[in-house]
Every structure is written in C-alpha cells, then in structure tokens.
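J.: Below is start-v1.txt; it holds compact mmCIF, C-alpha atoms and all ligand atoms.
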```txt
# COMPACT_ATOMS: atom_id res chain seq x y z
CA MET A 1 0.00 0.00 0.00
CA VAL A 2 1.26 3.49 -0.81
CA ALA A 3 1.33 5.64 2.34
CA ASP A 4 -1.04 8.59 2.53
CA VAL A 5 1.24 11.50 3.33
CA VAL A 6 1.36 15.24 2.82
CA ILE A 7 4.65 16.73 1.61
CA GLU A 8 5.36 20.21 2.92
CA GLU A 9 8.21 22.63 3.50
CA ILE A 10 9.84 22.25 6.90
CA SER A 11 9.24 25.15 9.24
CA TYR A 12 11.62 26.05 12.02
CA ALA A 13 9.23 24.39 14.50
CA ALA A 14 9.60 21.03 12.76
CA VAL A 15 13.42 21.00 12.68
CA ASN A 16 13.83 18.70 15.69
CA ALA A 17 11.35 16.11 14.40
CA ALA A 18 13.13 16.11 11.04
CA ARG A 19 16.58 15.78 12.58
CA GLU A 20 15.41 12.90 14.74
CA ILE A 21 14.71 10.91 11.58
CA PHE A 22 18.09 11.84 10.09
CA ASP A 23 19.84 10.88 13.36
CA THR A 24 18.10 7.50 13.55
CA THR A 25 18.67 6.48 9.94
CA LEU A 26 21.92 8.21 8.91
CA GLY A 27 23.80 8.36 12.20
CA SER A 28 23.58 10.74 15.11
CA GLY A 29 25.05 14.13 14.25
CA TYR A 30 25.57 13.34 10.58
CA VAL A 31 23.14 16.09 9.51
CA GLU A 32 24.23 19.08 11.55
CA ARG A 33 21.53 21.36 12.91
CA SER A 34 23.18 24.56 11.67
CA GLY A 35 23.54 23.26 8.11
CA PHE A 36 19.97 22.02 8.08
CA VAL A 37 18.56 25.31 9.39
CA ARG A 38 20.59 27.12 6.73
CA LEU A 39 18.84 25.05 4.04
CA ILE A 40 15.46 26.05 5.48
CA THR A 41 16.27 29.73 5.46
CA SER A 42 18.29 29.94 2.21
CA ARG A 43 16.42 30.63 -1.02
CA HIS A 44 18.61 28.01 -2.69
CA GLY A 45 17.83 25.36 -0.09
CA VAL A 46 15.12 22.69 -0.10
CA ALA A 47 13.90 21.04 3.11
CA LEU A 48 10.69 19.06 2.88
CA ARG A 49 8.95 16.63 5.19
CA ALA A 50 6.27 14.02 4.77
CA THR A 51 3.60 14.00 7.46
CA ASP A 52 1.12 11.21 8.11
CA THR A 53 -2.58 11.62 8.81
CA ASN A 54 -1.78 12.48 12.46
CA GLY A 55 0.56 15.26 11.38
CA SER A 56 3.67 13.35 12.52
CA THR A 57 6.87 13.68 10.52
CA VAL A 58 7.61 10.36 8.81
CA GLY A 59 10.19 11.38 6.22
CA VAL A 60 12.57 14.18 5.30
CA VAL A 61 14.53 15.34 2.27
CA ALA A 62 17.14 18.08 2.09
CA GLY A 63 18.60 19.55 -1.06
CA GLU A 64 20.20 22.60 -2.52
CA CYS A 65 20.67 24.37 -5.80
CA LEU A 66 24.30 25.32 -6.35
CA ASP A 67 27.04 25.59 -8.94
CA LEU A 68 29.42 22.74 -9.72
CA ASP A 69 32.37 24.23 -7.82
CA ALA A 70 30.25 24.64 -4.70
CA LEU A 71 28.94 21.10 -5.05
CA VAL A 72 32.46 19.72 -5.26
CA ARG A 73 33.52 21.85 -2.26
CA SER A 74 30.59 20.46 -0.31
CA VAL A 75 31.66 16.80 -0.38
CA PRO A 76 34.29 15.43 2.03
CA GLU A 77 37.54 17.15 1.08
CA ASP A 78 39.46 13.97 0.24
CA GLN A 79 36.69 12.90 -2.18
CA ALA A 80 36.28 16.20 -4.03
CA GLN A 81 38.62 15.48 -6.94
CA ALA A 82 37.11 12.05 -7.62
CA VAL A 83 33.58 13.52 -7.61
CA ARG A 84 34.62 16.31 -9.97
CA VAL A 85 36.15 13.81 -12.41
CA ALA A 86 33.07 11.55 -12.27
CA LEU A 87 30.72 14.48 -12.93
CA GLY A 88 32.84 15.64 -15.87
CA THR A 89 31.52 18.61 -17.80
CA SER A 90 28.08 17.28 -18.59
CA CYS A 91 26.17 18.83 -15.66
CA ALA A 92 24.34 21.96 -16.70
CA GLU A 93 24.48 24.50 -13.89
CA PRO A 94 22.95 25.32 -11.50
CA VAL A 95 22.91 21.78 -10.16
CA GLY A 96 20.10 20.52 -7.91
CA LEU A 97 21.77 18.39 -5.24
CA VAL A 98 19.48 15.92 -3.48
CA ARG A 99 21.55 15.74 -0.31
CA SER A 100 19.87 13.65 2.36
CA VAL A 101 16.69 11.58 2.28
CA ALA A 102 15.36 9.59 5.22
CA VAL A 103 12.12 7.84 6.05
CA ARG A 104 11.15 6.59 9.51
CA PRO A 105 12.11 2.89 9.58
CA ASP A 106 8.60 1.60 10.42
CA VAL A 107 7.09 3.19 7.28
CA GLN A 108 9.85 2.55 4.73
CA HIS A 109 8.94 0.78 1.46
CA HIS A 110 5.57 2.50 1.17
CA GLY A 111 6.51 5.05 -1.47
CA ILE A 112 7.32 7.92 0.89
CA GLY A 113 10.95 8.23 -0.21
CA THR A 114 9.85 8.41 -3.83
CA GLN A 115 7.28 11.11 -3.07
CA LEU A 116 9.87 13.12 -1.12
CA VAL A 117 12.51 12.96 -3.85
CA SER A 118 9.92 13.83 -6.55
CA ALA A 119 8.84 16.88 -4.56
CA ALA A 120 12.48 17.85 -3.98
CA ILE A 121 13.13 17.70 -7.74
CA THR A 122 10.22 20.08 -8.36
CA ALA A 123 11.45 22.44 -5.63
CA LEU A 124 15.03 22.33 -6.95
CA ARG A 125 13.79 23.15 -10.44
CA GLN A 126 11.84 26.10 -9.02
CA ARG A 127 15.10 27.30 -7.49
CA GLY A 128 16.80 27.13 -10.88
CA ALA A 129 18.33 23.65 -11.14
CA ASN A 130 19.16 22.46 -14.67
CA THR A 131 20.63 19.06 -13.68
CA LEU A 132 20.17 16.79 -10.69
CA VAL A 133 22.87 15.08 -8.64
CA SER A 134 22.73 12.79 -5.63
CA LEU A 135 25.33 10.83 -3.65
CA GLY A 136 23.70 7.72 -2.24
CA TRP A 137 24.93 5.87 0.83
CA ALA A 138 25.75 2.21 0.15
CA ASP A 139 26.48 -0.30 2.94
CA ASP A 140 26.68 -4.10 2.78
CA ARG A 141 22.96 -4.16 1.84
CA GLY A 142 23.60 -1.97 -1.20
CA CYS A 143 22.65 1.60 -2.00
CA HIS A 144 19.38 2.30 -0.15
CA ILE A 145 18.20 5.15 -2.34
CA ALA A 146 19.25 3.61 -5.69
CA GLY A 147 15.83 2.12 -6.52
CA VAL A 148 14.12 5.45 -5.86
CA LEU A 149 16.60 7.45 -7.96
CA LEU A 150 16.70 4.98 -10.87
CA ALA A 151 12.87 4.94 -10.93
CA LEU A 152 13.03 8.75 -11.25
CA ALA A 153 15.37 8.39 -14.28
CA PHE A 154 18.67 9.17 -12.55
CA GLN A 155 21.71 7.34 -13.91
CA GLN A 156 24.59 6.00 -11.88
CA ARG A 157 27.90 7.72 -12.63
CA GLY A 158 30.40 6.40 -10.11
CA VAL A 159 31.15 4.49 -6.95
CA PHE A 160 33.48 5.80 -4.25
CA ASP A 161 34.95 3.57 -1.53
CA ASP A 162 35.32 4.83 2.05
CA PHE A 163 33.58 8.05 1.02
CA TRP A 164 32.85 9.21 4.59
CA PHE A 165 35.86 7.56 6.30
CA ALA A 166 37.90 10.70 6.95
CA ASP A 167 34.82 12.90 7.37
CA SER A 168 33.24 10.64 10.01
CA HIS A 169 36.55 10.41 11.84
CA GLN A 170 36.99 14.16 11.79
CA ARG A 171 33.39 15.08 12.69
CA GLY A 172 32.85 12.18 15.08
CA TYR A 173 29.58 10.74 13.77
CA ARG A 174 28.99 6.97 13.72
CA CYS A 175 27.57 5.10 10.78
CA PRO A 176 24.40 3.16 11.73
CA SER A 177 25.65 0.30 9.55
CA CYS A 178 29.38 -0.09 10.12
CA GLY A 179 30.07 2.07 13.16
CA GLY A 180 32.91 4.52 12.99
CA PRO A 181 34.83 5.63 11.13
CA CYS A 182 32.45 4.84 8.26
CA ARG A 183 33.72 2.40 5.61
CA CYS A 184 30.63 2.62 3.38
CA GLN A 185 30.59 3.60 -0.26
CA ALA A 186 28.86 6.49 -1.99
CA HIS A 187 27.15 5.95 -5.32
CA LEU A 188 26.93 8.99 -7.56
CA PHE A 189 23.72 9.57 -9.55
CA VAL A 190 22.94 12.23 -12.14
CA GLY A 191 19.45 13.06 -13.37
CA SER A 192 17.76 15.35 -15.86
CA ILE A 193 14.96 17.74 -15.09
CA PRO A 194 11.74 15.93 -16.15
CA ALA A 195 10.28 17.51 -19.31
CA ALA A 196 7.05 18.37 -17.46
CA LEU A 197 9.03 20.65 -15.11
CA ASP A 198 11.04 22.30 -17.85
CA GLN A 199 8.56 25.11 -18.33
CA LEU A 200 8.58 26.28 -14.72
CA PRO A 201 9.52 29.94 -14.45
CA VAL A 202 12.86 30.19 -12.72
CA ALA A 203 13.88 33.28 -10.79
CA SER A 204 17.34 34.66 -11.47
CA MET A 205 19.63 33.65 -8.64
CA ARG A 206 23.10 33.87 -7.19
CA ILE A 207 24.57 30.52 -6.17
CA GLU A 208 26.45 30.04 -2.92
CA GLY A 209 28.52 27.09 -1.58
CA SER A 210 27.75 24.67 1.25
CA ARG A 211 28.55 21.23 2.71
CA ALA A 212 26.91 18.12 1.25
CA ARG A 213 25.31 15.39 3.34
CA ARG A 214 24.30 11.89 2.54
C1 LIG B 301 16.31 5.12 1.30
C2 LIG B 301 14.96 5.53 1.87
C3 LIG B 301 14.93 7.06 2.05
C4 LIG B 301 13.84 5.13 0.91
O1 LIG B 301 12.61 5.54 1.46
P1 LIG B 301 11.30 4.66 1.23
O2 LIG B 301 10.14 5.41 1.74
O3 LIG B 301 11.51 3.30 1.78
O4 LIG B 301 11.28 4.63 -0.37
P2 LIG B 301 10.15 4.02 -1.32
O5 LIG B 301 9.17 3.28 -0.50
O6 LIG B 301 9.65 5.11 -2.18
O7 LIG B 301 11.02 3.04 -2.20
C5 LIG B 301 11.81 2.05 -1.57
C6 LIG B 301 11.52 0.70 -2.14
O8 LIG B 301 10.20 0.32 -1.79
C7 LIG B 301 9.49 -0.04 -2.97
N1 LIG B 301 8.11 0.37 -2.75
C8 LIG B 301 7.60 1.61 -2.87
N2 LIG B 301 6.29 1.61 -2.62
C9 LIG B 301 5.98 0.33 -2.34
C10 LIG B 301 4.76 -0.31 -1.98
N3 LIG B 301 3.63 0.37 -1.90
N4 LIG B 301 4.80 -1.63 -1.74
C11 LIG B 301 5.94 -2.32 -1.81
N5 LIG B 301 7.12 -1.77 -2.15
C12 LIG B 301 7.14 -0.45 -2.39
C13 LIG B 301 10.16 0.75 -4.06
O9 LIG B 301 9.94 0.14 -5.31
C14 LIG B 301 11.58 0.67 -3.65
O10 LIG B 301 12.14 -0.58 -3.98
P3 LIG B 301 13.66 -0.69 -4.49
O11 LIG B 301 14.51 0.09 -3.51
O12 LIG B 301 13.92 -2.14 -4.46
O13 LIG B 301 13.66 -0.10 -5.84
C15 LIG B 301 14.71 4.82 3.24
O14 LIG B 301 14.84 3.43 3.07
C16 LIG B 301 15.65 5.26 4.34
O15 LIG B 301 15.37 6.23 5.04
N6 LIG B 301 16.77 4.55 4.48
C17 LIG B 301 17.75 4.87 5.52
C18 LIG B 301 18.44 6.19 5.22
C19 LIG B 301 19.06 6.20 3.83
O16 LIG B 301 19.72 5.26 3.43
N7 LIG B 301 18.85 7.32 3.12
C20 LIG B 301 19.39 7.51 1.81
C21 LIG B 301 20.74 8.10 1.96
S1 LIG B 301 21.38 8.53 0.40
```
Spit out the file's structure as structure tokens when you get a sec.

T.:
Amino acid sequence: MVADVVIEEISYAAVNAAREIFDTTLGSGYVERSGFVRLITSRHGVALRATDTNGSTVGVVAGECLDLDALVRSVPEDQAQAVRVALGTSCAEPVGLVRSVAVRPDVQHHGIGTQLVSAAITALRQRGANTLVSLGWADDRGCHIAGVLLALAFQQRGVFDDFWFADSHQRGYRCPSCGGPCRCQAHLFVGSIPAALDQLPVASMRIEGSRARR
C-alpha cells in the first residue's frame, strides 16, 4: 500500500522532528543542525517533510541548488577530486543536489521516499536547477536510495569507496551500519529535469557554496 502523506516545507518548529529521523537512519550528528537550518532559510535550499494523517513527521529530504564548484567543495575534502572527475563537464548548472533523504524505519517501502525525492526535484527546479545530482549511501545491503533514484530516471555515474571515512573520523559521527569511522561507499547519480518541469519559471539567482550530506 502506498502511504497517505502530505509533503510540505519544513518550518523552524519542525526542525527537531526532522533531525530525529536523520539521526536514527543516517547516524547521530551526521546532519548538523546549523547546516539544516541554513537550508530552510536559504532561497537556494530545499527542506521538505512528509507527514502522516496524524501530522507526525515520517520522512525528510534536504537539497540545494548550487554551482558545480560549490557542489564539489561540499563533499568530504578527500573525495572532491574524484567527484569532480566523475561528474565531468556534462552537468548543466545550477545543479540541484538531493543531499539527504530519510524515512522513519517503520514506514519505509511504502513510497514515501519516492514522493519526497519527486517533490524535492520540483522544488530544486523552481530554485533554478538544470541538472540533478545525488550521492547515495551504500552499505553491505547496497545503495538504499538507488531504486528510488533509478525509478526517477537518474543514472549512476560512479562508486566511491570509504567516502565518509575521513569525514566521520573528523566530525565524530557513527555510521548506523558499520560504526565509525564509516567504511561505506557512496554511489553517484545524475538526473535530468523531467520535461514536465522544464517550463517552470525560474527566478534569477546567485549561487552560494555549502557542505553536502548523505
Ligand atoms: C532510502 C529511503 C529514504 C527510501 O525511502 P522509502 O520510503 O523506503 O522509499 P520508497 O518506499 O519510495 O522506495 C523504496 C523501495 O520500496 C518499494 N516500494 C515503494 N512503494 C511500495 C509499496 N507500496 N509496496 C511495496 N514496495 C514499495 C520501491 O519500489 C523501492 O524498492 P527498491 O529500492 O527495491 O527499488 C529509506 O529506506 C531510508 O530512510 N533509508 C535509511 C536512510 C538512507 O539510506 N537514506 C538515503 C541516503 S542517500
């Protein structure tokens, strides 16, 4: 059954509920509060939540529209060059980065992740994105978000070993899968803006840098 949820922008009041889901699924402290709040307040940021019929937060997605240099600066420093090479020159800027997606474990596999990423793509397009990029976390069970992204016509562009190893060591977060420092891979996906969204009016914008999150 597909879950009946409402997708809405995250207000400041809902930040803690959203971060709780990130902490549970991606590792405590992985998504930093300050960076997340910045996405909520920035006109280039996207922060959406899915709420169930009781109004509880059951899923979250964070994203950002930025230029290629800022995207590369936003990944763990030791991985930046490899990501730049894998992206090549084919990404039309600004790039819509789908940064972190998480669904409460008890309601996963009911289409909520797909609805969140679809809504994030629309929001990123509204903020000017001309290409879509996502770095998916892959542990020994595979890349969790791959099915969702491939179903939304993303293509896989690269695989990076130990992507968060140095970052998790430096920032002190633990991976929910392998502990710490994290030995998981990142899978790089690139997507096009769906034709139906191509006609959206896009405001002129200045792009700023940031840090990427899985
Ligand atoms: C990855 C994640 C966000 C996906 O969210 P989700 O709500 O489970 O996503 P969906 O339900 O839309 O899709 C997941 C799978 O369920 C399937 N599915 C969707 N609706 C379904 C339904 N009604 N019945 C049965 N299966 C369904 C999808 O086909 C998909 O299968 P696939 O992965 O084999 O292709 C979620 O599993 C999660 O939070 N994982 C932990 C954190 C994480 O890894 N985040 C991604 C970091 S990049």

J.: Around ligand LIG 301 (chain B), at most 7 Å away and counting all atoms listed in the file, which residues are there? Put them as a ChimeraX atom specification, please.

T.: /A:1-2,25-26,100-105,107-115,135-137,144-148,214

J.: Please report as a Markdown table every residue of stretch 43-158 of chain A lying within 9 Å of stretch 5-21 of chain A, along with the nearest atom pair and their distance in Å (one decimal), using all atoms listed in the file.

T.:
```
| residue | atom | partner | partner_atom | distance |
| --- | --- | --- | --- | --- |
| A:Val46 | CA | A:Glu9 | CA | 7.8 |
| A:Ala47 | CA | A:Ile10 | CA | 5.7 |
| A:Leu48 | CA | A:Glu9 | CA | 4.4 |
| A:Arg49 | CA | A:Glu8 | CA | 5.6 |
| A:Ala50 | CA | A:Ile7 | CA | 4.5 |
| A:Thr51 | CA | A:Val6 | CA | 5.3 |
| A:Asp52 | CA | A:Val5 | CA | 4.8 |
| A:Thr53 | CA | A:Val5 | CA | 6.7 |
| A:Gly55 | CA | A:Val6 | CA | 8.6 |
| A:Ser56 | CA | A:Ala17 | CA | 8.4 |
| A:Thr57 | CA | A:Ala17 | CA | 6.4 |
| A:Val58 | CA | A:Ile21 | CA | 7.6 |
| A:Gly59 | CA | A:Ile21 | CA | 7.0 |
| A:Val60 | CA | A:Ala18 | CA | 6.1 |
| A:Val61 | CA | A:Ala18 | CA | 8.9 |
| A:Ala102 | CA | A:Ile21 | CA | 6.5 |
| A:Val103 | CA | A:Ile21 | CA | 6.8 |
| A:Arg104 | CA | A:Ile21 | CA | 6.0 |
| A:Pro105 | CA | A:Ile21 | CA | 8.7 |
| A:Ile112 | CA | A:Val5 | CA | 7.5 |
| A:Gln115 | CA | A:Ile7 | CA | 7.8 |
| A:Leu116 | CA | A:Ile7 | CA | 6.9 |
| A:Ala119 | CA | A:Ile7 | CA | 7.5 |
```

J.: Show me, as a Markdown table, the residues of stretch 25-81 of chain A having an atom within 6 Å of stretch 150-173 of chain A, each with the closest atom pair and its distance in Å, using all atoms listed in the file.

T.:
```
| residue | atom | partner | partner_atom | distance |
| --- | --- | --- | --- | --- |
| A:Gly29 | CA | A:Tyr173 | CA | 5.7 |
| A:Tyr30 | CA | A:Tyr173 | CA | 5.7 |
| A:Pro76 | CA | A:Asp167 | CA | 5.9 |
```

J.: Please measure the separation of atom CA of A:Gln79 and atom CA of A:Arg43, giving the value in Å to one decimal.

T.: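 Separation between atom CA of A:Gln79 and atom CA of A:Arg43: 27.0 Å.
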
J.: Grab the atom CA of A:Thr24 to atom CA of A:Cys178 distance for me, in Å with one decimal place.

T.: 14.0 Å

J.: Given the choices A:Leu97, A:Pro176, A:Glu77, A:Ala86, which gets closest to A:Asp140 if the distance is worked out from all atoms listed in the file?

T.: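 Of all the options, A:Pro176 lies closest to A:Asp140.
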
J.: In Å, with one decimal, what is the gap from atom CA of A:Ser192 to atom CA of A:Ser118?

T.: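 Interatomic distance, atom CA of A:Ser192 to atom CA of A:Ser118: 12.3 Å.
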
J.: Please return the centre and edge lengths, in Å to one decimal, of a box with edges along x, y and z that contains all listed atoms of stretch 22-33 of chain A, widened by 8 Å on every side, as JSON.

T.:
```
{"center_x": 21.8, "center_y": 13.9, "center_z": 12.0, "size_x": 23.5, "size_y": 30.9, "size_z": 22.2}
```

J.: Between A:Thr122, A:Ser134, A:Thr41, A:Ser34, which residue has the minimum interatomic distance to A:Val75, considering all atoms listed in the file?

T.: A:Ser134

J.: Residues within 8 Å of A:Glu93, please, as a PyMOL selection string. Count all atoms listed in the file; anything in the same chain fewer than 6 positions from it doesn't count.

T.: chain A and resi 66-68+129-131

J.: So, counting only C-alpha atoms, which residue among A:Cys143, A:Leu71, A:Leu149, A:Leu87 is closest to A:Ala186?

T.: A:Cys143

J.: So, with only C-alpha atoms as the atoms that count, which of A:Gly191, A:Gly35, A:Gly27, A:Gly96 lies closest to A:Leu124?

T.: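 Of A:Gly191, A:Gly35, A:Gly27, A:Gly96, the one nearest A:Leu124 is A:Gly96, counting only C-alpha atoms.
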
J.: Choose the residue, out of A:Cys175, A:Val190, A:Ala62, A:Ala70, that has the smallest atom-to-atom separation from A:Ala120; count only C-alpha atoms.

T.: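 Between A:Cys175, A:Val190, A:Ala62, A:Ala70, the residue approaching A:Ala120 most closely is A:Ala62.
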